[in-house]
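Let me begin by presenting the structure, written as structure tokens, before commenting on it.
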Amino acid sequence: MFKTKGSVFMDIDNVGSSLSFVMSNEEKLPELGKYSVLIEVRACGLTLPLCDINTISQTLRKSGKKRVAVGQDISGIVRAVGTDVSSVRIGDQVVGIIPLDYEQSGCAEKIVLQEYDVVVKPNSVSFIDAASCIGEGMTAYLALHYLGRMTSGDTILVVNGASPLGSACIQLAHHWGARVVATCSTSDEKLYLQTLANKLVQVVNTAENKTDLRAVCLKETANLGFTLIIDQRTNNVSSQVIKHNINDVDSTTMKDYDPSVLTNHEIISCLSVGGHWVTTNPSLQLDPPHSQQLSLRCASLGFLMDQPWLMSGSFQGKYQHILMDVVEKISTYILRPNIHHSIHRDGLLEACQDIGELNVGKIVLNIN
């Protein structure tokens with residue numbers, strides 16, 4: 001039985017009213033099965049699941065669990081393999097994503113995964129770059145290709161384009177021949193998006209004037225509307241729930257306090273006939289008039305969750321193919337990391353508290 005230290009979990013208290021981050025000094029790892037791989041973690045991207053904190057807490061309470069592991073995007077070195085493992089060898093540098101139901105933290109010194117959860121990392125890609133890109137690259141692939149059915153020549157809107165997922169969507173969509181428009185709401189976001197100027201048709205600052213979005217939509221699409229909208233409108237409650245109290249924060253109404261946040265009507269009004277609206281908001285509710293607008297446009301609404309394939313054994317081959325393709329795009333500089341800053345283990349818990357407050361980039365744990 002392997003053991004590890006340094007695991008970080010998001011804990012829910014006994015009365016189910018608040019969440020906090022805790023570090024475990026010793027965790028037992030699963031047995032090394034015939035298809036298992038023991039990995040020494042060298043870098044881990046710190047992100048929260050796409051679903052909001054209230055959803056996480058409710059799910060934990062219903063399942064009887066009181067914690068969720070932090071850090072799913074990892075890179076590291078293989079230190080042991082099961083008897084039937086064929087895709088990796090001891091000493092290989094690998095990158096992958098930890099499924100949520102494994103209940104293992106990527107912040108730990110070691111983890112045990114199945115061989116189809118990881119792929120070999122090229123030596124030209126650093127551990128930090130690999131861990132910072134793999135999760136968002138995988139999710140962007142799912143949003144654009146499988147949910148959005150994107151084709152070359154499409155015009156796409158990426159809401160909150162400066163986020164790690166937004167920047168991955170922009171880069172992949174541009175590579176696949178789409179014309180991309182992105183929104184931002186702060187000067188920091190706009191500054192980052194300017195570094196992607198060659199990949200963007202236009203940047204719209206919704207904090208300054210949301211009416212610009214409709215005008216840009218009509219201009220850039222010849223009055224046809226966007227064929228795909230990646231909607232990352234967030235409730236912006238993650239850090240508030242963690243630092244205060246779950247019951248004090250209403251995630252369905254927090255967006256009303258931010259005038260820069262786009263409404264459902266504004267999103268739908270920019271959608272083309274037969275277009276696809278892909279959202280990361282699991283609590284999205286549409287009024288009947290909005291549903292009618294979608295119906296009149298023959299448009300579709302898809303919900304983007306970053307973990308379903310990881311928890312379904314029937315998609316192992318397809319999932320690993322996408323992982324390999326994302327890693328190849330990282331190695332050829334098609335997909336570049338969007339890193340806010342890197343940290344060492346001594347600043348890990350403080351960094352976890354700040355995850356929900358970042359507008360641009362991702363925090364990456366660097367384990368030397």
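Within each chain, counting starts at residue 1; across the structure tokens, chains are named A, B, ... in the order shown, with ligands numbered 1 upward in that order.
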If you count only C-alpha atoms, which residues fall within 10 Å of Leu335 in chain A, apart from same-chain ones fewer than 5 positions away, as a PDB file with all heavy atoms, in the first residue's frame?
ATOM      1  N   ASP A 129       4.028  23.864 -18.018  1.00  0.00           N
ATOM      2  CA  ASP A 129       3.202  24.143 -19.193  1.00  0.00           C
ATOM      3  C   ASP A 129       2.198  23.025 -19.442  1.00  0.00           C
ATOM      4  O   ASP A 129       1.036  23.277 -19.790  1.00  0.00           O
ATOM      5  CB  ASP A 129       4.080  24.339 -20.425  1.00  0.00           C
ATOM      6  CG  ASP A 129       4.773  25.688 -20.444  1.00  0.00           C
ATOM      7  OD1 ASP A 129       4.503  26.501 -19.541  1.00  0.00           O
ATOM      8  OD2 ASP A 129       5.594  25.930 -21.353  1.00  0.00           O
ATOM      9  N   CYS A 133      -2.086  23.432 -19.194  1.00  0.00           N
ATOM     10  CA  CYS A 133      -2.855  23.425 -20.445  1.00  0.00           C
ATOM     11  C   CYS A 133      -3.771  22.216 -20.619  1.00  0.00           C
ATOM     12  O   CYS A 133      -4.781  22.313 -21.312  1.00  0.00           O
ATOM     13  CB  CYS A 133      -1.905  23.463 -21.645  1.00  0.00           C
ATOM     14  SG  CYS A 133      -1.152  25.052 -21.994  1.00  0.00           S
ATOM     15  N   ILE A 134      -3.407  21.083 -20.035  1.00  0.00           N
ATOM     16  CA  ILE A 134      -4.076  19.834 -20.412  1.00  0.00           C
ATOM     17  C   ILE A 134      -5.570  19.844 -20.103  1.00  0.00           C
ATOM     18  O   ILE A 134      -6.391  19.405 -20.921  1.00  0.00           O
ATOM     19  CB  ILE A 134      -3.372  18.624 -19.739  1.00  0.00           C
ATOM     20  CG1 ILE A 134      -3.876  17.335 -20.341  1.00  0.00           C
ATOM     21  CG2 ILE A 134      -3.538  18.661 -18.229  1.00  0.00           C
ATOM     22  CD1 ILE A 134      -3.505  17.132 -21.781  1.00  0.00           C
ATOM     23  N   GLY A 137      -7.369  22.462 -22.361  1.00  0.00           N
ATOM     24  CA  GLY A 137      -7.308  21.990 -23.739  1.00  0.00           C
ATOM     25  C   GLY A 137      -8.331  20.901 -23.997  1.00  0.00           C
ATOM     26  O   GLY A 137      -9.019  20.891 -25.024  1.00  0.00           O
ATOM     27  N   SER A 167      -9.053  31.174 -23.203  1.00  0.00           N
ATOM     28  CA  SER A 167      -7.874  31.304 -24.058  1.00  0.00           C
ATOM     29  C   SER A 167      -7.618  30.020 -24.833  1.00  0.00           C
ATOM     30  O   SER A 167      -7.195  30.058 -25.996  1.00  0.00           O
ATOM     31  CB  SER A 167      -6.648  31.677 -23.226  1.00  0.00           C
ATOM     32  OG  SER A 167      -6.347  30.674 -22.269  1.00  0.00           O
ATOM     33  N   ALA A 168      -7.894  28.849 -24.219  1.00  0.00           N
ATOM     34  CA  ALA A 168      -7.740  27.585 -24.935  1.00  0.00           C
ATOM     35  C   ALA A 168      -8.741  27.491 -26.079  1.00  0.00           C
ATOM     36  O   ALA A 168      -8.403  27.043 -27.187  1.00  0.00           O
ATOM     37  CB  ALA A 168      -7.913  26.408 -23.979  1.00  0.00           C
ATOM     38  N   CYS A 169      -9.983  27.927 -25.843  1.00  0.00           N
ATOM     39  CA  CYS A 169     -10.999  27.922 -26.906  1.00  0.00           C
ATOM     40  C   CYS A 169     -10.590  28.841 -28.046  1.00  0.00           C
ATOM     41  O   CYS A 169     -10.744  28.498 -29.227  1.00  0.00           O
ATOM     42  CB  CYS A 169     -12.348  28.349 -26.344  1.00  0.00           C
ATOM     43  SG  CYS A 169     -13.156  27.124 -25.279  1.00  0.00           S
ATOM     44  N   ILE A 170     -10.072  30.014 -27.717  1.00  0.00           N
ATOM     45  CA  ILE A 170      -9.650  30.973 -28.744  1.00  0.00           C
ATOM     46  C   ILE A 170      -8.546  30.379 -29.616  1.00  0.00           C
ATOM     47  O   ILE A 170      -8.596  30.432 -30.852  1.00  0.00           O
ATOM     48  CB  ILE A 170      -9.175  32.280 -28.088  1.00  0.00           C
ATOM     49  CG1 ILE A 170     -10.355  33.036 -27.476  1.00  0.00           C
ATOM     50  CG2 ILE A 170      -8.454  33.176 -29.101  1.00  0.00           C
ATOM     51  CD1 ILE A 170      -9.950  34.202 -26.586  1.00  0.00           C
ATOM     52  N   GLN A 171      -7.539  29.801 -28.976  1.00  0.00           N
ATOM     53  CA  GLN A 171      -6.395  29.280 -29.717  1.00  0.00           C
ATOM     54  C   GLN A 171      -6.770  28.085 -30.590  1.00  0.00           C
ATOM     55  O   GLN A 171      -6.350  27.991 -31.752  1.00  0.00           O
ATOM     56  CB  GLN A 171      -5.282  28.894 -28.738  1.00  0.00           C
ATOM     57  CG  GLN A 171      -4.699  30.095 -28.005  1.00  0.00           C
ATOM     58  CD  GLN A 171      -3.685  29.699 -26.948  1.00  0.00           C
ATOM     59  OE1 GLN A 171      -2.531  29.412 -27.253  1.00  0.00           O
ATOM     60  NE2 GLN A 171      -4.108  29.669 -25.694  1.00  0.00           N
ATOM     61  N   LEU A 172      -7.576  27.162 -30.050  1.00  0.00           N
ATOM     62  CA  LEU A 172      -7.976  26.000 -30.842  1.00  0.00           C
ATOM     63  C   LEU A 172      -8.922  26.395 -31.975  1.00  0.00           C
ATOM     64  O   LEU A 172      -8.803  25.894 -33.099  1.00  0.00           O
ATOM     65  CB  LEU A 172      -8.648  24.964 -29.946  1.00  0.00           C
ATOM     66  CG  LEU A 172      -7.733  24.150 -29.028  1.00  0.00           C
ATOM     67  CD1 LEU A 172      -8.540  23.144 -28.215  1.00  0.00           C
ATOM     68  CD2 LEU A 172      -6.659  23.430 -29.830  1.00  0.00           C
ATOM     69  N   HIS A 175      -6.956  27.937 -34.726  1.00  0.00           N
ATOM     70  CA  HIS A 175      -6.183  26.905 -35.434  1.00  0.00           C
ATOM     71  C   HIS A 175      -7.059  26.110 -36.385  1.00  0.00           C
ATOM     72  O   HIS A 175      -6.605  25.715 -37.476  1.00  0.00           O
ATOM     73  CB  HIS A 175      -5.529  25.972 -34.419  1.00  0.00           C
ATOM     74  CG  HIS A 175      -4.845  24.797 -35.026  1.00  0.00           C
ATOM     75  ND1 HIS A 175      -3.697  24.912 -35.795  1.00  0.00           N
ATOM     76  CD2 HIS A 175      -5.154  23.452 -35.000  1.00  0.00           C
ATOM     77  CE1 HIS A 175      -3.318  23.709 -36.211  1.00  0.00           C
ATOM     78  NE2 HIS A 175      -4.180  22.817 -35.745  1.00  0.00           N
ATOM     79  N   VAL A 326      -4.116  17.048 -27.767  1.00  0.00           N
ATOM     80  CA  VAL A 326      -3.887  18.285 -27.018  1.00  0.00           C
ATOM     81  C   VAL A 326      -2.411  18.439 -26.676  1.00  0.00           C
ATOM     82  O   VAL A 326      -1.823  19.526 -26.822  1.00  0.00           O
ATOM     83  CB  VAL A 326      -4.746  18.314 -25.732  1.00  0.00           C
ATOM     84  CG1 VAL A 326      -4.342  19.480 -24.836  1.00  0.00           C
ATOM     85  CG2 VAL A 326      -6.222  18.417 -26.080  1.00  0.00           C
ATOM     86  N   VAL A 327      -1.766  17.352 -26.229  1.00  0.00           N
ATOM     87  CA  VAL A 327      -0.343  17.401 -25.904  1.00  0.00           C
ATOM     88  C   VAL A 327       0.487  17.747 -27.138  1.00  0.00           C
ATOM     89  O   VAL A 327       1.458  18.516 -27.064  1.00  0.00           O
ATOM     90  CB  VAL A 327       0.116  16.060 -25.301  1.00  0.00           C
ATOM     91  CG1 VAL A 327       1.636  16.020 -25.169  1.00  0.00           C
ATOM     92  CG2 VAL A 327      -0.522  15.851 -23.935  1.00  0.00           C
ATOM     93  N   GLU A 328       0.110  17.206 -28.281  1.00  0.00           N
ATOM     94  CA  GLU A 328       0.826  17.540 -29.516  1.00  0.00           C
ATOM     95  C   GLU A 328       0.700  19.022 -29.843  1.00  0.00           C
ATOM     96  O   GLU A 328       1.671  19.662 -30.273  1.00  0.00           O
ATOM     97  CB  GLU A 328       0.275  16.709 -30.673  1.00  0.00           C
ATOM     98  CG  GLU A 328       0.956  16.995 -32.011  1.00  0.00           C
ATOM     99  CD  GLU A 328       0.328  16.255 -33.169  1.00  0.00           C
ATOM    100  OE1 GLU A 328      -0.583  15.440 -32.929  1.00  0.00           O
ATOM    101  OE2 GLU A 328       0.729  16.511 -34.329  1.00  0.00           O
ATOM    102  N   LYS A 329      -0.483  19.588 -29.617  1.00  0.00           N
ATOM    103  CA  LYS A 329      -0.688  21.013 -29.891  1.00  0.00           C
ATOM    104  C   LYS A 329       0.085  21.886 -28.904  1.00  0.00           C
ATOM    105  O   LYS A 329       0.509  22.993 -29.246  1.00  0.00           O
ATOM    106  CB  LYS A 329      -2.178  21.343 -29.873  1.00  0.00           C
ATOM    107  CG  LYS A 329      -2.924  20.833 -31.101  1.00  0.00           C
ATOM    108  CD  LYS A 329      -4.404  21.120 -31.022  1.00  0.00           C
ATOM    109  CE  LYS A 329      -5.081  20.841 -32.355  1.00  0.00           C
ATOM    110  NZ  LYS A 329      -4.821  19.499 -32.883  1.00  0.00           N
ATOM    111  N   ILE A 330       0.262  21.404 -27.671  1.00  0.00           N
ATOM    112  CA  ILE A 330       1.096  22.139 -26.719  1.00  0.00           C
ATOM    113  C   ILE A 330       2.552  22.120 -27.174  1.00  0.00           C
ATOM    114  O   ILE A 330       3.249  23.139 -27.132  1.00  0.00           O
ATOM    115  CB  ILE A 330       0.969  21.536 -25.310  1.00  0.00           C
ATOM    116  CG1 ILE A 330      -0.470  21.652 -24.792  1.00  0.00           C
ATOM    117  CG2 ILE A 330       1.917  22.246 -24.337  1.00  0.00           C
ATOM    118  CD1 ILE A 330      -0.712  20.913 -23.480  1.00  0.00           C
TER     119      ILE A 330
END
Trp309 in chain A environment, 8 Å, only C-alpha atoms, sequence neighbours closer than 6 positions dropped, as a list in words: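 Counting only the stated atoms, we get Phe315, Gln316 and Tyr319 of chain A.
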Exercise: Ile111 in chain A partners within 8 Å, only C-alpha atoms, chain neighbours under 3 positions left out, as a list in words: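 With the cut-off at 8 Å, the set is Thr4, Leu29, Leu38, Ile39, Glu40, Val41, Gln104, Ser105, Gly106 and Ala108 of chain A.
Taking CA of Gly6 in chain A and CA of Val70 in chain A as the two end points, the separation is 11.0 Å.
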Compile the contact shell of Asn160 in chain A as a PDB file with C-alpha atoms, in the first residue's frame: residues with an atom at most 10 Å away, counting only C-alpha atoms, same-chain residues fewer than 5 positions apart removed.
ATOM      1  CA  LEU A 165     -10.629  27.858 -20.715  1.00  0.00           C
ATOM      2  CA  GLY A 166     -11.434  30.941 -22.797  1.00  0.00           C
ATOM      3  CA  SER A 167      -7.874  31.304 -24.058  1.00  0.00           C
ATOM      4  CA  ALA A 182     -13.972  37.496 -27.280  1.00  0.00           C
ATOM      5  CA  THR A 183     -15.415  39.514 -24.416  1.00  0.00           C
ATOM      6  CA  CYS A 184     -13.686  40.916 -21.349  1.00  0.00           C
ATOM      7  CA  SER A 185     -14.797  43.007 -18.370  1.00  0.00           C
ATOM      8  CA  THR A 186     -11.571  44.309 -16.805  1.00  0.00           C
ATOM      9  CA  GLU A 189      -8.461  40.750 -19.207  1.00  0.00           C
ATOM     10  CA  LYS A 190      -8.247  43.184 -22.104  1.00  0.00           C
ATOM     11  CA  LEU A 193      -6.445  39.348 -24.938  1.00  0.00           C
ATOM     12  CA  VAL A 204     -15.522  43.591 -26.690  1.00  0.00           C
ATOM     13  CA  ASN A 205     -15.255  45.107 -23.202  1.00  0.00           C
ATOM     14  CA  THR A 206     -18.717  44.501 -21.718  1.00  0.00           C
ATOM     15  CA  ILE A 230     -18.934  29.585 -25.604  1.00  0.00           C
ATOM     16  CA  ASP A 231     -20.642  31.021 -22.535  1.00  0.00           C
ATOM     17  CA  GLN A 232     -18.464  31.187 -19.420  1.00  0.00           C
ATOM     18  CA  ARG A 233     -20.610  33.589 -17.473  1.00  0.00           C
ATOM     19  CA  THR A 234     -19.824  32.805 -13.853  1.00  0.00           C
ATOM     20  CA  VAL A 261     -22.403  40.286 -17.132  1.00  0.00           C
ATOM     21  CA  ASN A 359      -9.931  36.850 -13.818  1.00  0.00           C
ATOM     22  CA  VAL A 360      -6.906  36.004 -15.945  1.00  0.00           C
TER      23      VAL A 360
END
Minimum-distance residue to Ser86 in chain A, chosen among A:Val37, A:Gly71, A:Ile367, A:Arg42 (using only C-alpha atoms):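 Among A:Val37, A:Gly71, A:Ile367, A:Arg42, it is A:Val37 that comes nearest to Ser86 in chain A.
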Which of range 140-333 of chain A DSSP labels alpha helix (DSSP H), written as a VMD selection string: chain A and resid 140 to 141 164 to 175 187 to 194 211 to 220 238 to 243 264 to 269 288 to 296 316 to 331
Coordinates-based distance that separates CA of Asp306 in chain A from CA of Asp346 in chain A (Å, one decimal): 28.4 Å
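Minimum atom-to-atom distances from A:Leu200, A:Val118, A:Cys270, A:Met324 to Lys219 in chain A were compared using only C-alpha atoms, and the lowest value belongs to A:Cys270.
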Near-Gln285 in chain A list (12 Å; only C-alpha atoms; drop same-chain fewer than 4 positions) as a PyMOL selection string: chain A and resi 252-253+263-265+279+281+289-291+301+303
Top pick for closest residue to Ala351 in chain A, considering A:Ser36, A:Thr47, A:Thr211, A:Thr280 and counting only C-alpha atoms: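 Counting only C-alpha atoms, the residue closest to Ala351 in chain A is A:Thr47.
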Sel. of strand (DSSP E) residues, range 102-255 of chain A, as a list of chain:residue names: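 Secondary structure check on range 102-255 of chain A, strand (DSSP E): A:Lys110, A:Ile111, A:Val112, A:Leu113, A:Gln114, A:Val118, A:Val119, A:Val120, A:Thr155, A:Ile156, A:Leu157, A:Val158, A:Arg179, A:Val180, A:Val181, A:Ala182, A:Thr183, A:Cys184, A:Gln202, A:Val203, A:Val204, A:Asn205, A:Phe226, A:Thr227, A:Leu228, A:Ile229, A:Ile230, A:Asp231.
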Nearest residue to Val120 in chain A from the set A:Arg179, A:His340, A:His145, A:Arg89 (distances using only C-alpha atoms):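 Of all the options, A:Arg89 lies closest to Val120 in chain A.
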Two-atom distance - CA of Gly177 in chain A, CA of Val119 in chain A (Å):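 Separation between CA of Gly177 in chain A and CA of Val119 in chain A: 26.6 Å.
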Among listed residues A:Cys107, A:Val112, A:Val216, A:Ile343, nearest Val364 in chain A (using only C-alpha atoms): A:Ile343
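Of the residues under consideration (A:Ile334, A:Leu304, A:Leu284, A:Ala69), A:Ala69 shows the shortest atom-to-atom contact distance to Glu27 in chain A when counting only C-alpha atoms.
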Nearby residues (only C-alpha atoms) at most 8 Å from Leu100 in chain A, same-chain spacing under 5 positions excluded, as a PyMOL selection string: chain A and resi 68-69+72+307+311
For those residues, write N, CA, C and O atoms to a file as a PDB file, in the first residue's frame.
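Final file, result09.pdb:
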ATOM      1  N   VAL A  68     -13.783  17.154  -1.347  1.00  0.00           N
ATOM      2  CA  VAL A  68     -13.492  16.912  -2.759  1.00  0.00           C
ATOM      3  C   VAL A  68     -12.030  17.274  -2.986  1.00  0.00           C
ATOM      4  O   VAL A  68     -11.520  18.267  -2.457  1.00  0.00           O
ATOM      5  N   ALA A  69     -11.331  16.449  -3.745  1.00  0.00           N
ATOM      6  CA  ALA A  69      -9.902  16.657  -3.975  1.00  0.00           C
ATOM      7  C   ALA A  69      -9.664  17.894  -4.827  1.00  0.00           C
ATOM      8  O   ALA A  69     -10.436  18.201  -5.736  1.00  0.00           O
ATOM      9  N   GLN A  72      -6.747  18.618 -10.450  1.00  0.00           N
ATOM     10  CA  GLN A  72      -6.950  17.458 -11.319  1.00  0.00           C
ATOM     11  C   GLN A  72      -5.945  17.378 -12.474  1.00  0.00           C
ATOM     12  O   GLN A  72      -5.703  16.309 -13.014  1.00  0.00           O
ATOM     13  N   GLN A 307     -15.749  16.676 -16.806  1.00  0.00           N
ATOM     14  CA  GLN A 307     -15.360  15.375 -16.257  1.00  0.00           C
ATOM     15  C   GLN A 307     -16.114  14.146 -16.781  1.00  0.00           C
ATOM     16  O   GLN A 307     -15.751  13.037 -16.416  1.00  0.00           O
ATOM     17  N   MET A 311     -15.068   9.630 -16.322  1.00  0.00           N
ATOM     18  CA  MET A 311     -15.760   8.705 -15.436  1.00  0.00           C
ATOM     19  C   MET A 311     -16.579   7.670 -16.194  1.00  0.00           C
ATOM     20  O   MET A 311     -17.434   7.003 -15.633  1.00  0.00           O
TER      21      MET A 311
END
